[in-house]
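Text of upload_1.cif (mmCIF, C-alpha atoms) as supplied:
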data_final
loop_
_atom_site.group_PDB
_atom_site.id
_atom_site.type_symbol
_atom_site.label_atom_id
_atom_site.label_comp_id
_atom_site.auth_asym_id
_atom_site.auth_seq_id
_atom_site.Cartn_x
_atom_site.Cartn_y
_atom_site.Cartn_z
ATOM 1 C CA MET A 1423 15.304 25.211 6.755
ATOM 2 C CA ARG A 1424 14.003 22.618 4.333
ATOM 3 C CA ALA A 1425 11.006 20.472 5.250
ATOM 4 C CA PHE A 1426 9.518 17.465 3.465
ATOM 5 C CA TYR A 1427 5.859 16.457 3.636
ATOM 6 C CA SER A 1428 3.709 13.591 2.423
ATOM 7 C CA ASP A 1429 0.312 14.467 3.915
ATOM 8 C CA ILE A 1430 -1.150 15.177 0.458
ATOM 9 C CA PHE A 1431 -1.045 11.423 -0.178
ATOM 10 C CA VAL A 1432 -4.289 10.783 1.645
ATOM 11 C CA LEU A 1433 -4.515 7.671 3.791
ATOM 12 C CA PRO A 1434 -8.234 6.939 4.279
ATOM 13 C CA LEU A 1435 -9.085 5.511 7.692
ATOM 14 C CA PRO A 1436 -12.324 4.111 9.079
ATOM 15 C CA GLU A 1437 -14.549 6.621 10.850
ATOM 16 C CA GLY A 1438 -13.597 6.948 14.512
ATOM 17 C CA HIS A 1439 -10.069 5.606 13.970
ATOM 18 C CA ARG A 1440 -7.867 6.888 16.787
ATOM 19 C CA PHE A 1441 -4.726 7.697 14.745
ATOM 20 C CA PRO A 1442 -4.631 11.507 14.265
ATOM 21 C CA MET A 1443 -3.843 11.715 10.552
ATOM 22 C CA ALA A 1444 -5.026 15.339 10.483
ATOM 23 C CA LYS A 1445 -2.033 16.422 12.541
ATOM 24 C CA TYR A 1446 0.281 16.299 9.524
ATOM 25 C CA ARG A 1447 -1.792 18.660 7.408
ATOM 26 C CA LEU A 1448 -2.441 20.965 10.375
ATOM 27 C CA LEU A 1449 1.267 21.091 11.201
ATOM 28 C CA ARG A 1450 2.211 21.999 7.635
ATOM 29 C CA GLU A 1451 -0.458 24.702 7.521
ATOM 30 C CA ARG A 1452 0.615 26.218 10.838
ATOM 31 C CA LEU A 1453 4.275 26.290 9.824
ATOM 32 C CA LEU A 1454 3.401 28.094 6.607
ATOM 33 C CA GLU A 1455 1.032 30.548 8.295
ATOM 34 C CA SER A 1456 3.651 31.459 10.913
ATOM 35 C CA GLY A 1457 6.486 31.795 8.410
ATOM 36 C CA VAL A 1458 8.694 29.247 10.195
ATOM 37 C CA ILE A 1459 8.711 27.412 6.860
ATOM 38 C CA THR A 1460 8.174 29.267 3.593
ATOM 39 C CA PRO A 1461 6.572 27.660 0.521
ATOM 40 C CA GLU A 1462 9.998 27.675 -1.143
ATOM 41 C CA GLN A 1463 11.407 25.546 1.713
ATOM 42 C CA LEU A 1464 8.670 22.925 1.527
ATOM 43 C CA TYR A 1465 9.103 19.864 -0.691
ATOM 44 C CA VAL A 1466 7.160 16.749 -1.657
ATOM 45 C CA PRO A 1467 9.649 13.870 -1.287
ATOM 46 C CA HIS A 1468 10.280 11.019 -3.664
ATOM 47 C CA ALA A 1469 8.720 7.645 -2.929
ATOM 48 C CA ALA A 1470 11.420 5.418 -1.459
ATOM 49 C CA THR A 1471 12.560 2.947 -4.083
ATOM 50 C CA ASP A 1472 12.769 -0.808 -3.646
ATOM 51 C CA ILE A 1473 16.555 -0.481 -3.490
ATOM 52 C CA GLU A 1474 16.228 1.950 -0.583
ATOM 53 C CA LEU A 1475 13.577 -0.082 1.241
ATOM 54 C CA LEU A 1476 15.573 -3.304 0.897
ATOM 55 C CA ARG A 1477 18.428 -1.792 2.877
ATOM 56 C CA ALA A 1478 16.253 -2.284 5.967
ATOM 57 C CA HIS A 1479 13.480 -4.686 4.926
ATOM 58 C CA ASP A 1480 13.123 -8.191 3.531
ATOM 59 C CA ALA A 1481 12.246 -8.442 -0.154
ATOM 60 C CA ASP A 1482 9.230 -10.664 0.502
ATOM 61 C CA TYR A 1483 7.778 -8.171 2.978
ATOM 62 C CA VAL A 1484 8.231 -5.248 0.572
ATOM 63 C CA ARG A 1485 6.614 -7.285 -2.211
ATOM 64 C CA ARG A 1486 3.620 -8.216 -0.076
ATOM 65 C CA VAL A 1487 3.106 -4.628 1.099
ATOM 66 C CA GLN A 1488 3.232 -3.384 -2.480
ATOM 67 C CA SER A 1489 0.867 -6.018 -3.857
ATOM 68 C CA GLY A 1490 -1.627 -6.016 -0.998
ATOM 69 C CA ALA A 1491 -0.774 -9.587 -0.007
ATOM 70 C CA LEU A 1492 -0.407 -8.937 3.728
ATOM 71 C CA SER A 1493 -2.409 -11.268 5.931
ATOM 72 C CA PRO A 1494 -5.318 -9.950 8.027
ATOM 73 C CA GLN A 1495 -3.160 -10.461 11.119
ATOM 74 C CA GLU A 1496 -0.346 -8.382 9.630
ATOM 75 C CA ILE A 1497 -2.768 -5.598 8.714
ATOM 76 C CA ARG A 1498 -4.234 -5.606 12.229
ATOM 77 C CA ARG A 1499 -0.727 -5.351 13.672
ATOM 78 C CA ILE A 1500 0.000 -2.308 11.501
ATOM 79 C CA GLY A 1501 -3.324 -0.695 12.422
ATOM 80 C CA PHE A 1502 -4.143 0.719 8.979
ATOM 81 C CA PRO A 1503 -6.255 -0.934 6.281
ATOM 82 C CA TRP A 1504 -4.242 -1.801 3.174
ATOM 83 C CA THR A 1505 -4.849 0.506 0.224
ATOM 84 C CA PRO A 1506 -2.648 1.706 -2.645
ATOM 85 C CA ALA A 1507 -2.642 5.092 -0.864
ATOM 86 C CA MET A 1508 -1.204 3.459 2.263
ATOM 87 C CA VAL A 1509 1.661 2.036 0.216
ATOM 88 C CA GLU A 1510 2.340 5.320 -1.573
ATOM 89 C CA ARG A 1511 2.284 7.352 1.610
ATOM 90 C CA SER A 1512 4.536 4.881 3.430
ATOM 91 C CA ARG A 1513 7.079 5.043 0.624
ATOM 92 C CA ARG A 1514 6.892 8.857 0.524
ATOM 93 C CA SER A 1515 7.330 9.135 4.286
ATOM 94 C CA SER A 1516 10.515 7.064 4.083
ATOM 95 C CA GLY A 1517 11.642 9.138 1.111
ATOM 96 C CA ALA A 1518 11.071 12.267 3.178
ATOM 97 C CA THR A 1519 13.500 11.143 5.868
ATOM 98 C CA ILE A 1520 16.092 10.258 3.231
ATOM 99 C CA GLU A 1521 15.711 13.704 1.663
ATOM 100 C CA ALA A 1522 15.833 15.396 5.064
ATOM 101 C CA CYS A 1523 19.175 13.658 5.560
ATOM 102 C CA TYR A 1524 20.469 15.013 2.244
ATOM 103 C CA ALA A 1525 19.308 18.525 3.159
ATOM 104 C CA ALA A 1526 20.811 18.341 6.649
ATOM 105 C CA LEU A 1527 24.212 17.534 5.182
ATOM 106 C CA GLN A 1528 24.098 20.945 3.501
ATOM 107 C CA ASP A 1529 22.124 22.999 6.031
ATOM 108 C CA GLY A 1530 22.911 21.352 9.366
ATOM 109 C CA VAL A 1531 19.266 20.524 10.141
ATOM 110 C CA ALA A 1532 16.225 19.472 8.085
ATOM 111 C CA VAL A 1533 12.856 17.924 8.912
ATOM 112 C CA ASN A 1534 10.405 15.317 7.746
ATOM 113 C CA LEU A 1535 6.959 16.573 8.794
ATOM 114 C CA ALA A 1536 5.937 12.936 9.344
ATOM 115 C CA GLY A 1537 8.058 9.787 9.736
ATOM 116 C CA GLY A 1538 9.495 8.246 12.858
ATOM 117 C CA THR A 1539 7.973 4.857 11.990
ATOM 118 C CA HIS A 1540 10.130 2.950 14.445
ATOM 119 C CA HIS A 1541 7.810 -0.051 15.072
ATOM 120 C CA ALA A 1542 8.394 -1.449 11.576
ATOM 121 C CA PHE A 1543 10.647 -4.533 11.645
ATOM 122 C CA ARG A 1544 12.630 -6.027 8.806
ATOM 123 C CA ASP A 1545 9.834 -8.463 7.919
ATOM 124 C CA ARG A 1546 6.687 -6.875 9.371
ATOM 125 C CA GLY A 1547 4.981 -3.656 10.326
ATOM 126 C CA GLY A 1548 3.308 -2.670 13.564
ATOM 127 C CA GLY A 1549 1.997 0.204 15.654
ATOM 128 C CA TYR A 1550 0.985 2.400 12.661
ATOM 129 C CA CYS A 1551 4.378 1.786 11.021
ATOM 130 C CA VAL A 1552 4.867 0.101 7.635
ATOM 131 C CA PHE A 1553 8.478 0.887 6.669
ATOM 132 C CA ASN A 1554 11.193 1.977 9.109
ATOM 133 C CA ASP A 1555 12.230 5.359 7.740
ATOM 134 C CA ALA A 1556 15.115 5.974 10.157
ATOM 135 C CA ALA A 1557 16.793 2.630 9.440
ATOM 136 C CA ILE A 1558 16.223 3.059 5.691
ATOM 137 C CA ALA A 1559 17.673 6.575 5.711
ATOM 138 C CA ALA A 1560 20.694 5.633 7.827
ATOM 139 C CA LYS A 1561 21.612 2.740 5.550
ATOM 140 C CA THR A 1562 20.998 4.847 2.435
ATOM 141 C CA LEU A 1563 23.407 7.532 3.656
ATOM 142 C CA GLN A 1564 26.013 4.860 4.246
ATOM 143 C CA ALA A 1565 25.413 3.084 0.938
ATOM 144 C CA GLU A 1566 25.903 6.359 -0.901
ATOM 145 C CA GLY A 1567 29.077 7.204 1.000
ATOM 146 C CA LEU A 1568 27.523 10.245 2.684
ATOM 147 C CA ALA A 1569 27.978 9.030 6.268
ATOM 148 C CA HIS A 1570 30.080 6.331 7.891
ATOM 149 C CA ARG A 1571 28.497 6.065 11.336
ATOM 150 C CA VAL A 1572 24.966 7.185 12.273
ATOM 151 C CA VAL A 1573 23.307 7.688 15.649
ATOM 152 C CA ILE A 1574 19.505 7.391 15.921
ATOM 153 C CA ILE A 1575 18.165 9.389 18.868
ATOM 154 C CA ASP A 1576 14.628 8.187 19.565
ATOM 155 C CA CYS A 1577 12.634 10.374 21.970
ATOM 156 C CA ASP A 1578 9.218 8.972 21.116
ATOM 157 C CA VAL A 1579 7.479 7.754 24.288
ATOM 158 C CA HIS A 1580 7.389 4.198 22.879
ATOM 159 C CA GLN A 1581 10.564 2.162 22.489
ATOM 160 C CA GLY A 1582 11.971 2.009 18.962
ATOM 161 C CA ASP A 1583 11.710 -1.760 18.863
ATOM 162 C CA GLY A 1584 11.748 -2.183 15.096
ATOM 163 C CA THR A 1585 14.766 0.081 14.719
ATOM 164 C CA ALA A 1586 16.634 -1.797 17.444
ATOM 165 C CA ALA A 1587 15.863 -5.170 15.855
ATOM 166 C CA ILE A 1588 16.777 -4.167 12.293
ATOM 167 C CA LEU A 1589 20.095 -2.637 13.374
ATOM 168 C CA ARG A 1590 20.970 -4.964 16.256
ATOM 169 C CA HIS A 1591 23.997 -6.507 14.562
ATOM 170 C CA ASP A 1592 25.124 -3.347 12.779
ATOM 171 C CA PRO A 1593 27.964 -1.652 14.676
ATOM 172 C CA THR A 1594 27.891 1.337 12.306
ATOM 173 C CA VAL A 1595 24.455 2.588 13.468
ATOM 174 C CA PHE A 1596 23.965 3.337 17.162
ATOM 175 C CA THR A 1597 20.377 3.161 18.442
ATOM 176 C CA PHE A 1598 19.317 5.134 21.534
ATOM 177 C CA SER A 1599 15.742 5.016 22.814
ATOM 178 C CA ILE A 1600 14.363 6.926 25.812
ATOM 179 C CA HIS A 1601 10.790 5.860 26.472
ATOM 180 C CA CYS A 1602 8.143 4.893 29.015
ATOM 181 C CA GLU A 1603 9.083 1.416 30.221
ATOM 182 C CA SER A 1604 5.530 0.189 30.880
ATOM 183 C CA ASN A 1605 4.190 1.392 27.542
ATOM 184 C CA TYR A 1606 3.835 -0.276 24.131
ATOM 185 C CA PRO A 1607 5.613 -2.323 22.868
ATOM 186 C CA PHE A 1608 5.237 -4.672 25.813
ATOM 187 C CA HIS A 1609 8.079 -6.841 24.542
ATOM 188 C CA LYS A 1610 11.094 -4.551 24.266
ATOM 189 C CA GLU A 1611 13.941 -5.162 21.850
ATOM 190 C CA GLN A 1612 17.504 -4.263 22.835
ATOM 191 C CA SER A 1613 18.783 -0.929 21.504
ATOM 192 C CA ASP A 1614 22.432 -0.016 21.893
ATOM 193 C CA LEU A 1615 21.211 2.180 24.751
ATOM 194 C CA ASP A 1616 17.742 2.034 26.288
ATOM 195 C CA ILE A 1617 16.431 4.286 29.040
ATOM 196 C CA GLY A 1618 13.044 3.107 30.249
ATOM 197 C CA LEU A 1619 11.297 5.692 32.416
ATOM 198 C CA PRO A 1620 8.529 5.085 34.993
ATOM 199 C CA ASP A 1621 4.971 6.265 34.476
ATOM 200 C CA GLY A 1622 4.433 9.883 35.431
ATOM 201 C CA THR A 1623 8.027 11.042 34.857
ATOM 202 C CA THR A 1624 8.113 14.866 34.820
ATOM 203 C CA ASP A 1625 10.436 17.440 33.293
ATOM 204 C CA ASP A 1626 13.445 17.384 35.616
ATOM 205 C CA ALA A 1627 13.821 13.601 35.769
ATOM 206 C CA TYR A 1628 13.165 13.268 32.035
ATOM 207 C CA LEU A 1629 15.763 15.857 31.087
ATOM 208 C CA ALA A 1630 18.362 14.431 33.483
ATOM 209 C CA ALA A 1631 17.929 10.987 31.942
ATOM 210 C CA LEU A 1632 18.084 12.427 28.433
ATOM 211 C CA GLU A 1633 21.253 14.371 29.219
ATOM 212 C CA TYR A 1634 22.944 11.166 30.371
ATOM 213 C CA GLY A 1635 21.625 9.241 27.369
ATOM 214 C CA LEU A 1636 22.843 11.798 24.875
ATOM 215 C CA ARG A 1637 26.271 11.993 26.460
ATOM 216 C CA GLU A 1638 26.656 8.205 26.427
ATOM 217 C CA SER A 1639 25.220 7.754 22.948
ATOM 218 C CA LEU A 1640 27.362 10.373 21.271
ATOM 219 C CA ARG A 1641 30.464 9.120 23.052
ATOM 220 C CA ARG A 1642 29.863 5.502 22.108
ATOM 221 C CA ALA A 1643 28.460 6.083 18.613
ATOM 222 C CA ASN A 1644 31.384 8.104 17.259
ATOM 223 C CA ALA A 1645 28.910 9.157 14.592
ATOM 224 C CA ASP A 1646 29.092 11.657 11.769
ATOM 225 C CA PHE A 1647 25.303 11.981 11.305
ATOM 226 C CA ALA A 1648 22.240 11.968 13.589
ATOM 227 C CA ILE A 1649 18.597 11.106 13.002
ATOM 228 C CA TYR A 1650 16.289 12.461 15.712
ATOM 229 C CA LEU A 1651 12.799 11.066 16.332
ATOM 230 C CA ALA A 1652 11.143 13.949 18.171
ATOM 231 C CA GLY A 1653 7.946 12.307 19.380
ATOM 232 C CA ALA A 1654 5.189 14.548 20.724
ATOM 233 C CA ASP A 1655 3.882 11.740 22.945
ATOM 234 C CA PRO A 1656 5.987 12.280 26.095
ATOM 235 C CA TYR A 1657 3.702 15.340 26.488
ATOM 236 C CA GLU A 1658 1.651 15.366 29.693
ATOM 237 C CA GLY A 1659 -1.598 15.667 27.702
ATOM 238 C CA ASP A 1660 -0.959 12.664 25.470
ATOM 239 C CA GLN A 1661 -3.545 9.892 25.699
ATOM 240 C CA LEU A 1662 -1.084 7.060 25.054
ATOM 241 C CA GLY A 1663 2.105 8.435 26.577
ATOM 242 C CA LYS A 1664 2.001 7.859 30.365
ATOM 243 C CA LEU A 1665 4.742 10.448 30.941
ATOM 244 C CA LYS A 1666 4.135 13.982 32.247
ATOM 245 C CA VAL A 1667 6.555 16.190 30.338
ATOM 246 C CA SER A 1668 5.337 19.765 29.823
ATOM 247 C CA MET A 1669 5.528 21.852 26.663
ATOM 248 C CA ALA A 1670 8.445 23.728 28.244
ATOM 249 C CA GLY A 1671 10.115 20.427 29.063
ATOM 250 C CA LEU A 1672 9.762 19.256 25.470
ATOM 251 C CA ALA A 1673 11.246 22.525 24.230
ATOM 252 C CA ALA A 1674 14.191 21.943 26.562
ATOM 253 C CA ARG A 1675 14.453 18.403 25.191
ATOM 254 C CA ASP A 1676 14.672 19.639 21.590
ATOM 255 C CA HIS A 1677 17.297 22.236 22.475
ATOM 256 C CA MET A 1678 19.272 19.622 24.420
ATOM 257 C CA VAL A 1679 19.343 17.167 21.520
ATOM 258 C CA LEU A 1680 20.190 19.785 18.905
ATOM 259 C CA ASN A 1681 22.828 21.467 21.074
ATOM 260 C CA ALA A 1682 24.499 18.123 21.764
ATOM 261 C CA CYS A 1683 24.537 17.257 18.069
ATOM 262 C CA ARG A 1684 25.852 20.689 17.130
ATOM 263 C CA ALA A 1685 28.630 20.392 19.714
ATOM 264 C CA ALA A 1686 29.548 17.010 18.227
ATOM 265 C CA GLY A 1687 29.513 18.444 14.693
ATOM 266 C CA LEU A 1688 26.617 16.248 13.553
ATOM 267 C CA PRO A 1689 24.064 17.194 10.896
ATOM 268 C CA VAL A 1690 20.575 16.226 12.097
ATOM 269 C CA ALA A 1691 17.527 14.953 10.200
ATOM 270 C CA ILE A 1692 14.370 15.158 12.309
ATOM 271 C CA ALA A 1693 11.212 13.058 12.042
ATOM 272 C CA MET A 1694 8.032 13.838 13.974
ATOM 273 C CA ALA A 1695 7.133 10.325 15.264
ATOM 274 C CA GLY A 1696 4.103 9.856 17.548
ATOM 275 C CA GLY A 1697 1.599 12.155 19.218
ATOM 276 C CA TYR A 1698 -1.914 11.339 20.427
ATOM 277 C CA ALA A 1699 -3.301 14.158 22.542
ATOM 278 C CA LYS A 1700 -7.088 14.225 22.929
ATOM 279 C CA ARG A 1701 -7.113 17.557 21.113
ATOM 280 C CA VAL A 1702 -5.096 17.192 17.924
ATOM 281 C CA GLU A 1703 -4.162 20.879 18.207
ATOM 282 C CA GLU A 1704 -2.038 20.069 21.265
ATOM 283 C CA THR A 1705 -0.083 17.445 19.365
ATOM 284 C CA VAL A 1706 0.361 19.897 16.499
ATOM 285 C CA ALA A 1707 1.632 22.506 18.978
ATOM 286 C CA VAL A 1708 4.343 20.114 20.224
ATOM 287 C CA HIS A 1709 5.460 19.216 16.691
ATOM 288 C CA TYR A 1710 5.331 22.884 15.665
ATOM 289 C CA GLN A 1711 7.546 23.807 18.607
ATOM 290 C CA THR A 1712 10.087 21.166 17.559
ATOM 291 C CA VAL A 1713 10.271 22.474 13.991
ATOM 292 C CA ALA A 1714 10.460 26.110 15.126
ATOM 293 C CA ILE A 1715 13.343 25.268 17.461
ATOM 294 C CA ALA A 1716 15.095 23.242 14.757
ATOM 295 C CA ALA A 1717 14.940 26.245 12.421
ATOM 296 C CA GLN A 1718 17.158 28.121 14.874
ATOM 297 C CA TYR A 1719 19.910 25.552 14.327
ATOM 298 C CA CYS A 1720 19.806 25.595 10.550
ATOM 299 C CA ARG A 1721 22.744 27.126 8.675
ATOM 300 C CA ALA A 1722 20.672 28.088 5.628
#
Show the structure stored in the file as structure tokens.
Amino acid sequence: MRAFYSDIFVLPLPEGHRFPMAKYRLLRERLLESGVITPEQLYVPHAATDIELLRAHDADYVRRVQSGALSPQEIRRIGFPWTPAMVERSRRSSGATIEACYAALQDGVAVNLAGGTHHAFRDRGGGYCVFNDAAIAAKTLQAEGLAHRVVIIDCDVHQGDGTAAILRHDPTVFTFSIHCESNYPFHKEQSDLDIGLPDGTTDDAYLAALEYGLRESLRRANADFAIYLAGADPYEGDQLGKLKVSMAGLAARDHMVLNACRAAGLPVAIAMAGGYAKRVEETVAVHYQTVAIAAQYCRA
């Protein structure tokens, strides 16, 4: 199974910053050490071009990100300081989801070892998200004639508000978000299907809701491609998640999503999305489990 990574494009953060940037490097290293991914299956993606970014974002926003002309308020909303490295890594992360889509068309499944930046809106970033890789990749597939209808399955614990807003009036991309209702973002956008779960939801209730959501989404989307945001933050040990889904429950989640997509004949590109456990190794373990399970569904 092919995997795409952008963690070598270092994003410097202030000391004590809570975003676990190390998880991306640690995930890549663990996948290589275990043999789930071989060096020959690991690729540095292209940096998403302006043409690709503009399929989901306003030209003025892209220009201001590139030139460092974002306001202090916009930078605070994103949560990262602006640097040229931030721009490069954000472009590469979007490029990685595009390339995972290309690979999945051939192999059935492929992964971006980062991505899932679903809080980026058409004209602004937010919540550690600069460009919305899932929306960019979906519209790129369509622009290139590689897919007609796309379903975005967002299992990050936070609602995919940016994705919902960007694609709200687009009937060719179906957005499904299953998330913690009380969690960030506190103003929710309207996806094509939203399932907001109460604090403390555990495995059985989570999986029952997901099963319903997948059935409805795939029926209504009539898609020929899927993008799956496999957040690690529904995990019971996550500091920002508020749900109580176990490692076994998250494994069942990944199998459920991939089985449903396989049954519907959909190639799947996977992005890692969020994860904020107190011990970064726990977040890495959840992401690792997702990639290891995905490898079982790959044709190549």
9 Å contact set for Ala1716 of chain A, all atoms listed in the file, chain neighbours under 3 positions out, as a list in words: Met1423, Val1531, Ala1532, Val1533, Asp1676, His1677, Leu1680, Ile1692, Gln1711, Thr1712, Val1713, Tyr1719 and Cys1720 of chain A
Could you tell me which residues the PyMOL selection byres ((chain A and resi 1553) around 10) returns for this structure, as a PDB file with C-alpha atoms, keeping the file's coordinate frame?
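Once written, result_27.pdb looks like this:
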ATOM      1  CA  ALA A1470      11.420   5.418  -1.459  1.00  0.00           C
ATOM      2  CA  LEU A1475      13.577  -0.082   1.241  1.00  0.00           C
ATOM      3  CA  ALA A1478      16.253  -2.284   5.967  1.00  0.00           C
ATOM      4  CA  HIS A1479      13.480  -4.686   4.926  1.00  0.00           C
ATOM      5  CA  TYR A1483       7.778  -8.171   2.978  1.00  0.00           C
ATOM      6  CA  VAL A1484       8.231  -5.248   0.572  1.00  0.00           C
ATOM      7  CA  VAL A1487       3.106  -4.628   1.099  1.00  0.00           C
ATOM      8  CA  VAL A1509       1.661   2.036   0.216  1.00  0.00           C
ATOM      9  CA  SER A1512       4.536   4.881   3.430  1.00  0.00           C
ATOM     10  CA  ARG A1513       7.079   5.043   0.624  1.00  0.00           C
ATOM     11  CA  SER A1515       7.330   9.135   4.286  1.00  0.00           C
ATOM     12  CA  SER A1516      10.515   7.064   4.083  1.00  0.00           C
ATOM     13  CA  GLY A1537       8.058   9.787   9.736  1.00  0.00           C
ATOM     14  CA  GLY A1538       9.495   8.246  12.858  1.00  0.00           C
ATOM     15  CA  THR A1539       7.973   4.857  11.990  1.00  0.00           C
ATOM     16  CA  HIS A1540      10.130   2.950  14.445  1.00  0.00           C
ATOM     17  CA  HIS A1541       7.810  -0.051  15.072  1.00  0.00           C
ATOM     18  CA  ALA A1542       8.394  -1.449  11.576  1.00  0.00           C
ATOM     19  CA  PHE A1543      10.647  -4.533  11.645  1.00  0.00           C
ATOM     20  CA  ARG A1544      12.630  -6.027   8.806  1.00  0.00           C
ATOM     21  CA  ASP A1545       9.834  -8.463   7.919  1.00  0.00           C
ATOM     22  CA  ARG A1546       6.687  -6.875   9.371  1.00  0.00           C
ATOM     23  CA  GLY A1547       4.981  -3.656  10.326  1.00  0.00           C
ATOM     24  CA  GLY A1548       3.308  -2.670  13.564  1.00  0.00           C
ATOM     25  CA  TYR A1550       0.985   2.400  12.661  1.00  0.00           C
ATOM     26  CA  CYS A1551       4.378   1.786  11.021  1.00  0.00           C
ATOM     27  CA  VAL A1552       4.867   0.101   7.635  1.00  0.00           C
ATOM     28  CA  ASN A1554      11.193   1.977   9.109  1.00  0.00           C
ATOM     29  CA  ASP A1555      12.230   5.359   7.740  1.00  0.00           C
ATOM     30  CA  ALA A1556      15.115   5.974  10.157  1.00  0.00           C
ATOM     31  CA  ALA A1557      16.793   2.630   9.440  1.00  0.00           C
ATOM     32  CA  ILE A1558      16.223   3.059   5.691  1.00  0.00           C
ATOM     33  CA  GLY A1584      11.748  -2.183  15.096  1.00  0.00           C
TER      34      GLY A1584
END
Residue nearest Asp1616 of chain A among A:Ser1493, A:Ser1599, A:Gln1581, A:Asn1681 (counting only C-alpha atoms):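 Counting only C-alpha atoms, the residue closest to Asp1616 of chain A is A:Ser1599.
The two atoms in question, atom CA of Ala1682 of chain A and atom CA of Glu1462 of chain A, are spaced 28.7 Å apart.
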The PyMOL selection byres ((chain A and resi 1490) around 9) resolved against shown file, as a VMD selection string: chain A and resid 1485 to 1489 1491 to 1493 1504 to 1506 1509
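When only C-alpha atoms are used to compute distances to Val1708 of chain A, the closest of the residues A:Leu1672, A:Met1443, A:Leu1563, A:Cys1683 turns out to be A:Leu1672.
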Coordinates-based distance that separates atom CA of Val1579 of chain A from atom CA of Gly1653 of chain A (Å, one decimal):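 So the two atoms, atom CA of Gly1653 of chain A and atom CA of Val1579 of chain A, lie 6.7 Å apart.
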Hits of the PyMOL selection byres ((chain A and resi 1620) around 10) in this structure, as a PyMOL selection string: chain A and resi 1601-1605+1617-1619+1621-1624+1628+1664-1665
Distance criterion (only C-alpha atoms): nearest to Glu1566 of chain A out of A:Ala1586, A:Val1595, A:Ile1520, A:Leu1448: A:Ile1520
Between atom CA of Leu1527 of chain A and atom CA of Arg1424 of chain A - distance in Å to one decimal: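 Atom CA of Leu1527 of chain A lies 11.4 Å from atom CA of Arg1424 of chain A.
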Among listed residues A:Ala1518, A:Leu1615, A:Ala1631, A:Ala1685, nearest Thr1471 of chain A (using only C-alpha atoms): A:Ala1518
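Considering all atoms listed in the file, the residue among A:Arg1498, A:Asp1614, A:Leu1662, A:Ala1425 positioned nearest to Arg1590 of chain A is A:Asp1614.
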Closest of A:Lys1561, A:His1609, A:Arg1684, A:Arg1675 to Leu1640 of chain A - atom-to-atom distances counting all atoms listed in the file: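 Of the candidates, the smallest distance to Leu1640 of chain A is held by A:Arg1684.
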Within 8 Å of Met1694 of chain A using only C-alpha atoms, minus same-chain residues under 4 positions, as a VMD selection string: chain A and resid 1534 to 1538 1651 to 1654 1709
Nearby residues (all atoms listed in the file) at most 7 Å from Glu1658 of chain A, same-chain spacing under 6 positions excluded, as number ranges by chain: A: 1665-1668
Polymer residues at most 7 Å from (23.7, 17.3, 12.4) by only C-alpha atoms, as a PyMOL selection string: chain A and resi 1526+1530-1531+1647-1648+1683-1684+1687-1691
I need the chosen residues saved as a tab-separated table (two decimals), in the coordinates of the input, with C-alpha atoms.
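Generated output (again-v4.tsv):
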chain	number	residue	atom	x	y	z
A	1526	ALA	CA	20.81	18.34	6.65
A	1530	GLY	CA	22.91	21.35	9.37
A	1531	VAL	CA	19.27	20.52	10.14
A	1647	PHE	CA	25.30	11.98	11.30
A	1648	ALA	CA	22.24	11.97	13.59
A	1683	CYS	CA	24.54	17.26	18.07
A	1684	ARG	CA	25.85	20.69	17.13
A	1687	GLY	CA	29.51	18.44	14.69
A	1688	LEU	CA	26.62	16.25	13.55
A	1689	PRO	CA	24.06	17.19	10.90
A	1690	VAL	CA	20.58	16.23	12.10
A	1691	ALA	CA	17.53	14.95	10.20
Reconstructed N, CA and C atoms for segment 1580-1588 of chain A, given as a PDB file, in the coordinates of the input:
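What landed in result23.pdb:
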ATOM      1  N   HIS A1580       7.384   5.646  23.052  1.00  0.00           N
ATOM      2  CA  HIS A1580       7.389   4.198  22.879  1.00  0.00           C
ATOM      3  C   HIS A1580       8.765   3.743  22.394  1.00  0.00           C
ATOM      4  N   GLN A1581       9.241   2.629  22.894  1.00  0.00           N
ATOM      5  CA  GLN A1581      10.564   2.162  22.489  1.00  0.00           C
ATOM      6  C   GLN A1581      10.628   1.909  20.984  1.00  0.00           C
ATOM      7  N   GLY A1582      11.752   2.250  20.384  1.00  0.00           N
ATOM      8  CA  GLY A1582      11.971   2.009  18.962  1.00  0.00           C
ATOM      9  C   GLY A1582      12.360   0.567  18.712  1.00  0.00           C
ATOM     10  N   ASP A1583      11.405  -0.331  18.910  1.00  0.00           N
ATOM     11  CA  ASP A1583      11.710  -1.760  18.863  1.00  0.00           C
ATOM     12  C   ASP A1583      12.101  -2.242  17.471  1.00  0.00           C
ATOM     13  N   GLY A1584      11.403  -1.776  16.450  1.00  0.00           N
ATOM     14  CA  GLY A1584      11.748  -2.183  15.096  1.00  0.00           C
ATOM     15  C   GLY A1584      13.127  -1.704  14.691  1.00  0.00           C
ATOM     16  N   THR A1585      13.441  -0.477  15.030  1.00  0.00           N
ATOM     17  CA  THR A1585      14.766   0.081  14.719  1.00  0.00           C
ATOM     18  C   THR A1585      15.858  -0.726  15.407  1.00  0.00           C
ATOM     19  N   ALA A1586      15.645  -1.024  16.692  1.00  0.00           N
ATOM     20  CA  ALA A1586      16.634  -1.797  17.444  1.00  0.00           C
ATOM     21  C   ALA A1586      16.850  -3.172  16.818  1.00  0.00           C
ATOM     22  N   ALA A1587      15.745  -3.821  16.413  1.00  0.00           N
ATOM     23  CA  ALA A1587      15.863  -5.170  15.855  1.00  0.00           C
ATOM     24  C   ALA A1587      16.555  -5.159  14.497  1.00  0.00           C
ATOM     25  N   ILE A1588      16.185  -4.230  13.636  1.00  0.00           N
ATOM     26  CA  ILE A1588      16.777  -4.167  12.293  1.00  0.00           C
ATOM     27  C   ILE A1588      18.275  -3.932  12.376  1.00  0.00           C
TER      28      ILE A1588
END
